[in-house]
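Reproduced below: run-v3.cif, with mmCIF, C-alpha atoms.
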```
data_structure
loop_
_atom_site.label_atom_id
_atom_site.label_comp_id
_atom_site.auth_asym_id
_atom_site.auth_seq_id
_atom_site.Cartn_x
_atom_site.Cartn_y
_atom_site.Cartn_z
CA MET Y 844 60.25 154.38 177.07
CA ASN Y 845 63.93 154.60 177.75
CA PRO Y 846 65.08 155.77 181.16
CA ILE Y 847 65.76 159.48 181.43
CA TYR Y 848 68.59 161.38 183.04
CA TRP Y 849 68.36 165.16 182.84
CA ASP Y 850 70.86 167.40 184.60
CA LEU Y 851 68.96 170.67 184.93
CA GLY Y 852 71.81 172.57 186.54
CA ASP Y 853 72.23 174.08 190.00
CA GLY Y 854 72.29 170.60 191.55
CA LEU Y 855 68.91 169.48 190.14
CA VAL Y 856 68.74 166.12 188.37
CA VAL Y 857 65.64 164.33 187.09
CA ARG Y 858 66.08 160.65 186.41
CA THR Y 859 64.06 157.49 186.15
CA PHE Y 860 63.74 155.59 189.40
CA THR Y 861 65.35 152.16 189.66
CA PRO Y 862 64.24 149.50 192.15
CA ASP Y 863 67.24 150.51 194.28
CA ASP Y 864 65.54 153.89 194.88
CA ALA Y 865 62.57 152.30 196.67
CA GLU Y 866 63.93 152.81 200.21
CA GLU Y 867 64.76 156.49 199.63
CA SER Y 868 61.45 157.14 197.88
CA PHE Y 869 59.47 155.48 200.65
CA ALA Y 870 61.38 157.42 203.34
CA LEU Y 871 60.50 160.73 201.65
CA VAL Y 872 56.83 159.77 201.31
CA ASP Y 873 56.74 158.59 204.91
CA ALA Y 874 58.25 161.86 206.15
CA ASN Y 875 55.69 163.89 204.16
CA ARG Y 876 52.47 161.95 204.73
CA GLU Y 877 50.52 164.85 206.23
CA ARG Y 878 51.41 167.08 203.25
CA LEU Y 879 50.64 164.42 200.64
CA ARG Y 880 47.44 162.99 202.11
CA PRO Y 881 45.06 165.77 201.01
CA TRP Y 882 46.08 165.35 197.36
CA MET Y 883 47.54 161.91 196.62
CA ILE Y 884 45.26 158.86 196.48
CA TRP Y 885 48.28 156.57 196.65
CA GLU Y 886 49.63 157.94 199.96
CA PRO Y 887 47.66 155.62 202.32
CA HIS Y 888 48.64 152.60 200.18
CA THR Y 889 52.37 153.34 200.29
CA LEU Y 890 53.10 151.52 203.53
CA SER Y 891 56.58 150.11 202.94
CA PRO Y 892 59.55 150.27 200.58
CA ASP Y 893 58.01 147.24 198.84
CA ASP Y 894 55.04 149.43 197.81
CA SER Y 895 57.42 152.03 196.40
CA ARG Y 896 59.36 149.29 194.61
CA ALA Y 897 56.15 147.89 193.08
CA PHE Y 898 55.28 151.36 191.72
CA ILE Y 899 58.77 151.71 190.27
CA LEU Y 900 58.56 148.30 188.60
CA ARG Y 901 55.11 149.08 187.14
CA SER Y 902 56.47 152.37 185.82
CA LEU Y 903 59.53 150.73 184.28
CA ALA Y 904 57.28 148.18 182.54
CA SER Y 905 55.27 150.84 180.72
CA GLU Y 906 56.00 151.10 177.02
CA THR Y 907 54.54 154.60 176.74
CA ASP Y 908 54.40 156.45 180.07
CA LEU Y 909 57.25 158.06 181.98
CA GLU Y 910 55.68 158.00 185.44
CA GLY Y 911 58.39 156.78 187.78
CA ASN Y 912 61.02 159.50 188.03
CA GLY Y 913 62.67 161.33 190.86
CA MET Y 914 63.89 164.86 191.29
CA TRP Y 915 67.21 165.00 193.16
CA LEU Y 916 68.64 168.22 194.53
CA ASP Y 917 72.30 168.10 195.48
CA GLY Y 918 72.11 164.30 195.56
CA ARG Y 919 69.05 164.14 197.84
CA LEU Y 920 65.68 162.90 196.62
CA ALA Y 921 63.30 165.88 196.63
CA GLY Y 922 60.18 164.33 195.08
CA GLY Y 923 58.64 162.37 192.25
CA ILE Y 924 57.51 163.41 188.79
CA GLY Y 925 56.07 161.68 185.79
CA MET Y 926 54.15 161.93 182.58
CA ARG Y 927 51.32 159.84 181.21
CA ILE Y 928 51.09 159.73 177.43
CA ASP Y 929 48.04 159.18 175.24
CA ALA Y 930 49.62 158.51 171.84
CA GLY Y 931 46.22 158.29 170.13
CA ASP Y 932 45.37 161.86 171.12
CA SER Y 933 49.00 163.07 170.89
CA ALA Y 934 48.66 164.31 174.47
CA GLY Y 935 50.17 163.88 177.89
CA GLU Y 936 49.71 164.81 181.53
CA ILE Y 937 52.35 165.79 184.07
CA GLY Y 938 52.06 164.82 187.73
CA TYR Y 939 54.43 165.36 190.64
CA TRP Y 940 54.94 165.64 194.37
CA VAL Y 941 57.71 167.22 196.41
CA GLY Y 942 58.96 166.94 199.98
CA GLY Y 943 58.17 169.89 202.23
CA GLU Y 944 61.77 170.91 202.81
CA PHE Y 945 62.22 171.32 199.04
CA GLU Y 946 59.19 173.54 198.43
CA GLY Y 947 59.64 177.07 197.17
CA ARG Y 948 62.91 176.43 195.34
CA GLY Y 949 61.53 176.19 191.80
CA ILE Y 950 62.41 172.51 191.54
CA VAL Y 951 58.99 171.37 190.36
CA THR Y 952 58.60 174.20 187.85
CA ARG Y 953 62.02 173.50 186.34
CA ALA Y 954 61.39 169.75 186.16
CA CYS Y 955 57.93 170.27 184.61
CA ARG Y 956 59.41 172.67 182.05
CA ARG Y 957 61.87 169.94 181.02
CA PHE Y 958 59.03 167.44 180.68
CA LEU Y 959 57.14 169.92 178.50
CA ARG Y 960 60.20 170.36 176.29
CA PHE Y 961 60.52 166.59 176.03
CA ALA Y 962 56.81 166.20 175.22
CA PHE Y 963 56.64 168.88 172.56
CA GLU Y 964 60.12 168.91 171.06
CA GLU Y 965 61.22 165.30 171.35
CA LEU Y 966 57.97 163.30 171.31
CA GLY Y 967 56.09 165.74 169.07
CA LEU Y 968 52.96 165.76 171.25
CA HIS Y 969 50.22 168.29 170.50
CA ARG Y 970 48.83 168.90 173.99
CA MET Y 971 49.96 168.67 177.61
CA GLU Y 972 47.85 168.88 180.75
CA LEU Y 973 48.46 169.48 184.41
CA CYS Y 974 45.60 168.83 186.83
CA ALA Y 975 45.32 169.99 190.43
CA ALA Y 976 42.62 170.01 193.07
CA THR Y 977 41.06 173.46 193.38
CA GLY Y 978 42.51 173.88 196.88
CA ASN Y 979 46.04 172.89 195.87
CA GLU Y 980 47.29 176.44 195.35
CA ARG Y 981 50.94 175.45 195.03
CA SER Y 982 50.30 173.06 192.15
CA ARG Y 983 48.00 175.54 190.47
CA ALA Y 984 50.75 178.16 190.70
CA VAL Y 985 53.17 175.76 188.95
CA ALA Y 986 50.76 175.41 186.02
CA GLU Y 987 50.40 179.17 185.78
CA ARG Y 988 54.19 179.74 185.90
CA LEU Y 989 54.49 177.27 183.03
CA GLY Y 990 52.13 179.39 180.94
CA MET Y 991 49.36 176.80 180.96
CA ARG Y 992 45.77 177.95 180.59
CA GLN Y 993 43.04 177.03 183.02
CA GLU Y 994 40.51 175.21 180.84
CA GLY Y 995 37.89 174.11 183.29
CA VAL Y 996 36.94 172.53 186.57
CA LEU Y 997 35.69 168.97 186.89
CA ARG Y 998 33.31 168.72 189.83
CA ASP Y 999 34.49 165.93 192.14
CA GLY Y 1000 37.05 165.20 189.42
CA VAL Y 1001 39.71 163.67 191.63
CA ARG Y 1002 39.54 161.12 194.41
CA THR Y 1003 41.85 161.73 197.35
CA PRO Y 1004 42.22 159.96 200.69
CA GLU Y 1005 39.97 162.70 202.10
CA GLY Y 1006 37.24 162.17 199.49
CA PHE Y 1007 36.39 163.64 196.12
CA LYS Y 1008 37.59 167.14 195.25
CA ASP Y 1009 37.02 169.48 192.36
CA LEU Y 1010 39.83 169.29 189.80
CA VAL Y 1011 41.21 172.20 187.79
CA ILE Y 1012 42.50 171.28 184.34
CA TYR Y 1013 45.32 173.32 182.81
CA GLY Y 1014 46.43 172.83 179.23
CA LEU Y 1015 49.20 173.90 176.88
CA LEU Y 1016 49.30 173.31 173.13
CA ASP Y 1017 52.41 172.80 171.04
CA ASP Y 1018 52.04 176.14 169.22
CA GLU Y 1019 51.68 177.93 172.57
CA TRP Y 1020 54.86 176.21 173.75
CA ARG Y 1021 56.71 177.32 170.62
CA ALA Y 1022 55.46 180.89 171.09
CA GLN Y 1023 56.75 180.90 174.69
CA ARG Y 1024 60.15 179.66 173.55
CA ALA Y 1025 60.51 182.29 170.79
#
```

Encoded form using structure tokens:
Amino acid sequence: MNPIYWDLGDGLVVRTFTPDDAEESFALVDANRERLRPWMIWEPHTLSPDDSRAFILRSLASETDLEGNGMWLDGRLAGGIGMRIDAGDSAGEIGYWVGGEFEGRGIVTRACRRFLRFAFEELGLHRMELCAATGNERSRAVAERLGMRQEGVLRDGVRTPEGFKDLVIYGLLDDEWRAQRA
């Protein structure tokens, strides 16, 4: 995939990370460990900027996925966002995290909406998913604001640093997206 750069207005930019972003990305993760730990399996393994850089390089090497992107608000890194793509099933999944001081500003919802537009209108995907642990009310609220439907719960469906948790699956189909946009 080609790198992305999306100016979403009001100071919010989503763009693909470069290796030069590793220090800033690590600093934001490090400052938000307690918030991320209950949900993100990668948090305990992100111990230095080199770990962030390795993730960025793996993401840049992918020919299909768009996993390594940042959300910047007024020039400050606010969080990470990405999309895995399953071309065979014409489907994708959005994932994200945001620093605590940036919560409640609509950043994640706006960035996810842009990823949905990209998935459905530019890539021509049929289905998009967003998954969240049952206790992750903020992420579940994002899916609901995006008009995604709760489709089910996978028991012990996600592994976190605190153990396995039930995982809620939300989905949105391309015709539902078009109906929302009309």

Can you write out as a tab-separated table which residues of segment 914-1020 of chain Y fall within 9 Å of segment 865-885 of chain Y, alongside each residue's closest atom pair and its distance in Å to one decimal, counting only C-alpha atoms and ordering rows by chain and ascending residue number?
```
residue	atom	partner	partner_atom	distance
Y:Arg919	CA	Y:Glu867	CA	9.0
Y:Leu920	CA	Y:Glu867	CA	7.1
Y:Ala921	CA	Y:Leu871	CA	7.7
Y:Gly922	CA	Y:Leu871	CA	7.5
Y:Gly923	CA	Y:Ser868	CA	8.2
Y:Trp940	CA	Y:Leu879	CA	7.7
Y:Val941	CA	Y:Asn875	CA	8.7
Y:Gly942	CA	Y:Asn875	CA	6.1
Y:Gly943	CA	Y:Asn875	CA	6.8
Y:Ala975	CA	Y:Trp882	CA	8.4
Y:Ala976	CA	Y:Trp882	CA	7.2
Y:Asn979	CA	Y:Trp882	CA	7.7
Y:Val1001	CA	Y:Trp882	CA	8.7
Y:Arg1002	CA	Y:Ile884	CA	6.5
Y:Thr1003	CA	Y:Ile884	CA	4.5
Y:Pro1004	CA	Y:Ile884	CA	5.3
Y:Glu1005	CA	Y:Pro881	CA	6.0
Y:Gly1006	CA	Y:Pro881	CA	8.7
Y:Lys1008	CA	Y:Trp882	CA	8.9
```

Which residues of segment 946-968 of chain Y come within 10 Å of segment 1014-1020 of chain Y, and for each one, what is the closest pair of atoms and their distance in Å to one decimal, counting all atoms listed in the file, sorted by chain and residue number, as a tab-separated table?
```
residue	atom	partner	partner_atom	distance
Y:Leu959	CA	Y:Trp1020	CA	8.2
Y:Arg960	CA	Y:Trp1020	CA	8.3
Y:Ala962	CA	Y:Asp1017	CA	9.0
Y:Phe963	CA	Y:Asp1017	CA	6.0
Y:Glu964	CA	Y:Asp1017	CA	8.6
Y:Gly967	CA	Y:Asp1017	CA	8.2
Y:Leu968	CA	Y:Asp1017	CA	7.1
```

Task: Picked residues, the PyMOL selection byres ((chain Y and resi 977) around 12), as JSON, numbers by chain - done: {"Y": [881, 882, 974, 975, 976, 978, 979, 980, 981, 982, 983, 984, 993, 995, 996, 997, 998, 999, 1000, 1001, 1007, 1008, 1009, 1010, 1011, 1012, 1013]}

TODO: Write out as a list in words the residues lying within 7 Å of segment 906-915 of chain Y, counting all atoms listed in the file and excluding same-chain residues fewer than 5 positions away.
DONE: Met844, Leu855, Val856, Val857, Arg858, Thr859, Phe860, Ile899, Leu920, Ala921, Gly922, Gly923, Ile924, Gly925, Met926, Arg927 and Ile928 of chain Y

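Taking all atoms listed in the file into account, Phe898 of chain Y lies nearest to Y:Asp864 out of the set Y:Glu965, Y:Glu994, Y:Asp864, Y:Asp850.
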
TODO: Using atom CA of Arg988 of chain Y and atom CA of Phe958 of chain Y as the two end points, give the distance in Å to one decimal.
DONE: 14.2 Å

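Those residues returned by the PyMOL selection byres ((chain Y and resi 935) around 7) for this file are Met926, Arg927, Ile928, Asp929, Ala934, Glu936, Ile937, Arg970, Met971 and Glu972 of chain Y.
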
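Going from atom CA of Ala986 of chain Y to atom CA of Ala904 of chain Y covers 28.2 Å.
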
TODO: May I ask for the distance between atom CA of Ala1022 of chain Y and atom CA of Ala954 of chain Y, given in Å to one decimal place?
DONE: 19.7 Å

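Minimum distance to Ser902 of chain Y across Y:Phe961, Y:Arg1021, Y:Thr861, Y:Arg992 (counting only C-alpha atoms) occurs at Y:Thr861.
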
Task: Of the listed residues Y:Leu903, Y:Ala930, Y:Leu916, Y:Met991, that which approaches Leu966 of chain Y most closely, counting only C-alpha atoms - done: Y:Ala930

TODO: Could you tell me which of Y:Val951, Y:Ser933, Y:Gly938, Y:Pro862 comes closest to Asp894 of chain Y if we count all atoms listed in the file?
DONE: Y:Pro862

Report, as JSON, the centre and edge lengths in Å (one decimal) of the axis-aligned box enclosing every listed atom of segment 1008-1024 of chain Y, padded by 8 Å on each side.
```
{"center_x": 48.6, "center_y": 174.0, "center_z": 182.2, "size_x": 39.1, "size_y": 29.8, "size_z": 42.0}
```

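In terms of minimum interatomic distance to Gly852 of chain Y, Y:Ile950 ranks closest within Y:Val985, Y:Ile950, Y:Cys955, Y:Leu973, counting all atoms listed in the file.
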
Atoms added to segment 872-895 of chain Y (N, CA, C and O atoms), reported as a PDB file, keeping the file's coordinate frame:
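Now in rebuild38.pdb:
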```
ATOM      1  N   VAL Y 872      58.297 159.814 201.191  1.00  0.00           N
ATOM      2  CA  VAL Y 872      56.830 159.770 201.310  1.00  0.00           C
ATOM      3  C   VAL Y 872      56.440 159.689 202.780  1.00  0.00           C
ATOM      4  O   VAL Y 872      55.576 160.443 203.243  1.00  0.00           O
ATOM      5  N   ASP Y 873      57.084 158.801 203.502  1.00  0.00           N
ATOM      6  CA  ASP Y 873      56.740 158.590 204.910  1.00  0.00           C
ATOM      7  C   ASP Y 873      56.945 159.861 205.731  1.00  0.00           C
ATOM      8  O   ASP Y 873      56.143 160.170 206.613  1.00  0.00           O
ATOM      9  N   ALA Y 874      57.974 160.622 205.416  1.00  0.00           N
ATOM     10  CA  ALA Y 874      58.250 161.860 206.150  1.00  0.00           C
ATOM     11  C   ALA Y 874      57.295 162.995 205.763  1.00  0.00           C
ATOM     12  O   ALA Y 874      57.231 163.994 206.476  1.00  0.00           O
ATOM     13  N   ASN Y 875      56.553 162.813 204.676  1.00  0.00           N
ATOM     14  CA  ASN Y 875      55.690 163.890 204.160  1.00  0.00           C
ATOM     15  C   ASN Y 875      54.222 163.475 204.070  1.00  0.00           C
ATOM     16  O   ASN Y 875      53.441 164.088 203.344  1.00  0.00           O
ATOM     17  N   ARG Y 876      53.839 162.464 204.817  1.00  0.00           N
ATOM     18  CA  ARG Y 876      52.470 161.950 204.730  1.00  0.00           C
ATOM     19  C   ARG Y 876      51.407 163.020 204.924  1.00  0.00           C
ATOM     20  O   ARG Y 876      50.439 163.100 204.178  1.00  0.00           O
ATOM     21  N   GLU Y 877      51.540 163.835 205.931  1.00  0.00           N
ATOM     22  CA  GLU Y 877      50.520 164.850 206.230  1.00  0.00           C
ATOM     23  C   GLU Y 877      50.363 165.831 205.066  1.00  0.00           C
ATOM     24  O   GLU Y 877      49.265 166.299 204.785  1.00  0.00           O
ATOM     25  N   ARG Y 878      51.454 166.159 204.396  1.00  0.00           N
ATOM     26  CA  ARG Y 878      51.410 167.080 203.250  1.00  0.00           C
ATOM     27  C   ARG Y 878      50.807 166.415 202.026  1.00  0.00           C
ATOM     28  O   ARG Y 878      50.143 167.060 201.225  1.00  0.00           O
ATOM     29  N   LEU Y 879      51.094 165.121 201.840  1.00  0.00           N
ATOM     30  CA  LEU Y 879      50.640 164.420 200.640  1.00  0.00           C
ATOM     31  C   LEU Y 879      49.189 163.954 200.731  1.00  0.00           C
ATOM     32  O   LEU Y 879      48.484 163.913 199.721  1.00  0.00           O
ATOM     33  N   ARG Y 880      48.764 163.600 201.920  1.00  0.00           N
ATOM     34  CA  ARG Y 880      47.440 162.990 202.110  1.00  0.00           C
ATOM     35  C   ARG Y 880      46.286 163.764 201.485  1.00  0.00           C
ATOM     36  O   ARG Y 880      45.412 163.142 200.861  1.00  0.00           O
ATOM     37  N   PRO Y 881      46.224 165.087 201.597  1.00  0.00           N
ATOM     38  CA  PRO Y 881      45.060 165.770 201.010  1.00  0.00           C
ATOM     39  C   PRO Y 881      44.965 165.659 199.485  1.00  0.00           C
ATOM     40  O   PRO Y 881      43.900 165.886 198.920  1.00  0.00           O
ATOM     41  N   TRP Y 882      46.069 165.282 198.823  1.00  0.00           N
ATOM     42  CA  TRP Y 882      46.080 165.350 197.360  1.00  0.00           C
ATOM     43  C   TRP Y 882      46.341 164.020 196.664  1.00  0.00           C
ATOM     44  O   TRP Y 882      45.935 163.829 195.521  1.00  0.00           O
ATOM     45  N   MET Y 883      47.043 163.099 197.297  1.00  0.00           N
ATOM     46  CA  MET Y 883      47.540 161.910 196.620  1.00  0.00           C
ATOM     47  C   MET Y 883      46.817 160.642 197.064  1.00  0.00           C
ATOM     48  O   MET Y 883      46.980 160.187 198.191  1.00  0.00           O
ATOM     49  N   ILE Y 884      46.048 160.059 196.161  1.00  0.00           N
ATOM     50  CA  ILE Y 884      45.260 158.860 196.480  1.00  0.00           C
ATOM     51  C   ILE Y 884      46.156 157.687 196.869  1.00  0.00           C
ATOM     52  O   ILE Y 884      45.745 156.813 197.628  1.00  0.00           O
ATOM     53  N   TRP Y 885      47.387 157.685 196.394  1.00  0.00           N
ATOM     54  CA  TRP Y 885      48.280 156.570 196.650  1.00  0.00           C
ATOM     55  C   TRP Y 885      48.955 156.635 198.029  1.00  0.00           C
ATOM     56  O   TRP Y 885      49.530 155.655 198.472  1.00  0.00           O
ATOM     57  N   GLU Y 886      48.904 157.780 198.691  1.00  0.00           N
ATOM     58  CA  GLU Y 886      49.630 157.940 199.960  1.00  0.00           C
ATOM     59  C   GLU Y 886      49.265 156.872 200.997  1.00  0.00           C
ATOM     60  O   GLU Y 886      50.159 156.235 201.561  1.00  0.00           O
ATOM     61  N   PRO Y 887      47.962 156.610 201.276  1.00  0.00           N
ATOM     62  CA  PRO Y 887      47.660 155.620 202.320  1.00  0.00           C
ATOM     63  C   PRO Y 887      48.033 154.180 201.935  1.00  0.00           C
ATOM     64  O   PRO Y 887      48.081 153.303 202.790  1.00  0.00           O
ATOM     65  N   HIS Y 888      48.315 153.953 200.653  1.00  0.00           N
ATOM     66  CA  HIS Y 888      48.640 152.600 200.180  1.00  0.00           C
ATOM     67  C   HIS Y 888      50.144 152.401 200.041  1.00  0.00           C
ATOM     68  O   HIS Y 888      50.585 151.320 199.663  1.00  0.00           O
ATOM     69  N   THR Y 889      50.912 153.435 200.330  1.00  0.00           N
ATOM     70  CA  THR Y 889      52.370 153.340 200.290  1.00  0.00           C
ATOM     71  C   THR Y 889      52.849 153.139 201.723  1.00  0.00           C
ATOM     72  O   THR Y 889      53.153 154.093 202.436  1.00  0.00           O
ATOM     73  N   LEU Y 890      52.872 151.867 202.127  1.00  0.00           N
ATOM     74  CA  LEU Y 890      53.100 151.520 203.530  1.00  0.00           C
ATOM     75  C   LEU Y 890      54.484 150.953 203.805  1.00  0.00           C
ATOM     76  O   LEU Y 890      54.839 150.739 204.968  1.00  0.00           O
ATOM     77  N   SER Y 891      55.245 150.689 202.753  1.00  0.00           N
ATOM     78  CA  SER Y 891      56.580 150.110 202.940  1.00  0.00           C
ATOM     79  C   SER Y 891      57.409 150.365 201.683  1.00  0.00           C
ATOM     80  O   SER Y 891      56.859 150.705 200.626  1.00  0.00           O
ATOM     81  N   PRO Y 892      58.712 150.161 201.788  1.00  0.00           N
ATOM     82  CA  PRO Y 892      59.550 150.270 200.580  1.00  0.00           C
ATOM     83  C   PRO Y 892      59.095 149.308 199.480  1.00  0.00           C
ATOM     84  O   PRO Y 892      59.273 149.607 198.301  1.00  0.00           O
ATOM     85  N   ASP Y 893      58.505 148.182 199.858  1.00  0.00           N
ATOM     86  CA  ASP Y 893      58.010 147.240 198.840  1.00  0.00           C
ATOM     87  C   ASP Y 893      56.913 147.884 197.986  1.00  0.00           C
ATOM     88  O   ASP Y 893      56.830 147.612 196.784  1.00  0.00           O
ATOM     89  N   ASP Y 894      56.075 148.734 198.592  1.00  0.00           N
ATOM     90  CA  ASP Y 894      55.040 149.430 197.810  1.00  0.00           C
ATOM     91  C   ASP Y 894      55.676 150.417 196.842  1.00  0.00           C
ATOM     92  O   ASP Y 894      55.236 150.542 195.691  1.00  0.00           O
ATOM     93  N   SER Y 895      56.698 151.117 197.294  1.00  0.00           N
ATOM     94  CA  SER Y 895      57.420 152.030 196.400  1.00  0.00           C
ATOM     95  C   SER Y 895      58.094 151.251 195.281  1.00  0.00           C
ATOM     96  O   SER Y 895      58.060 151.661 194.116  1.00  0.00           O
TER      97      SER Y 895
END
```
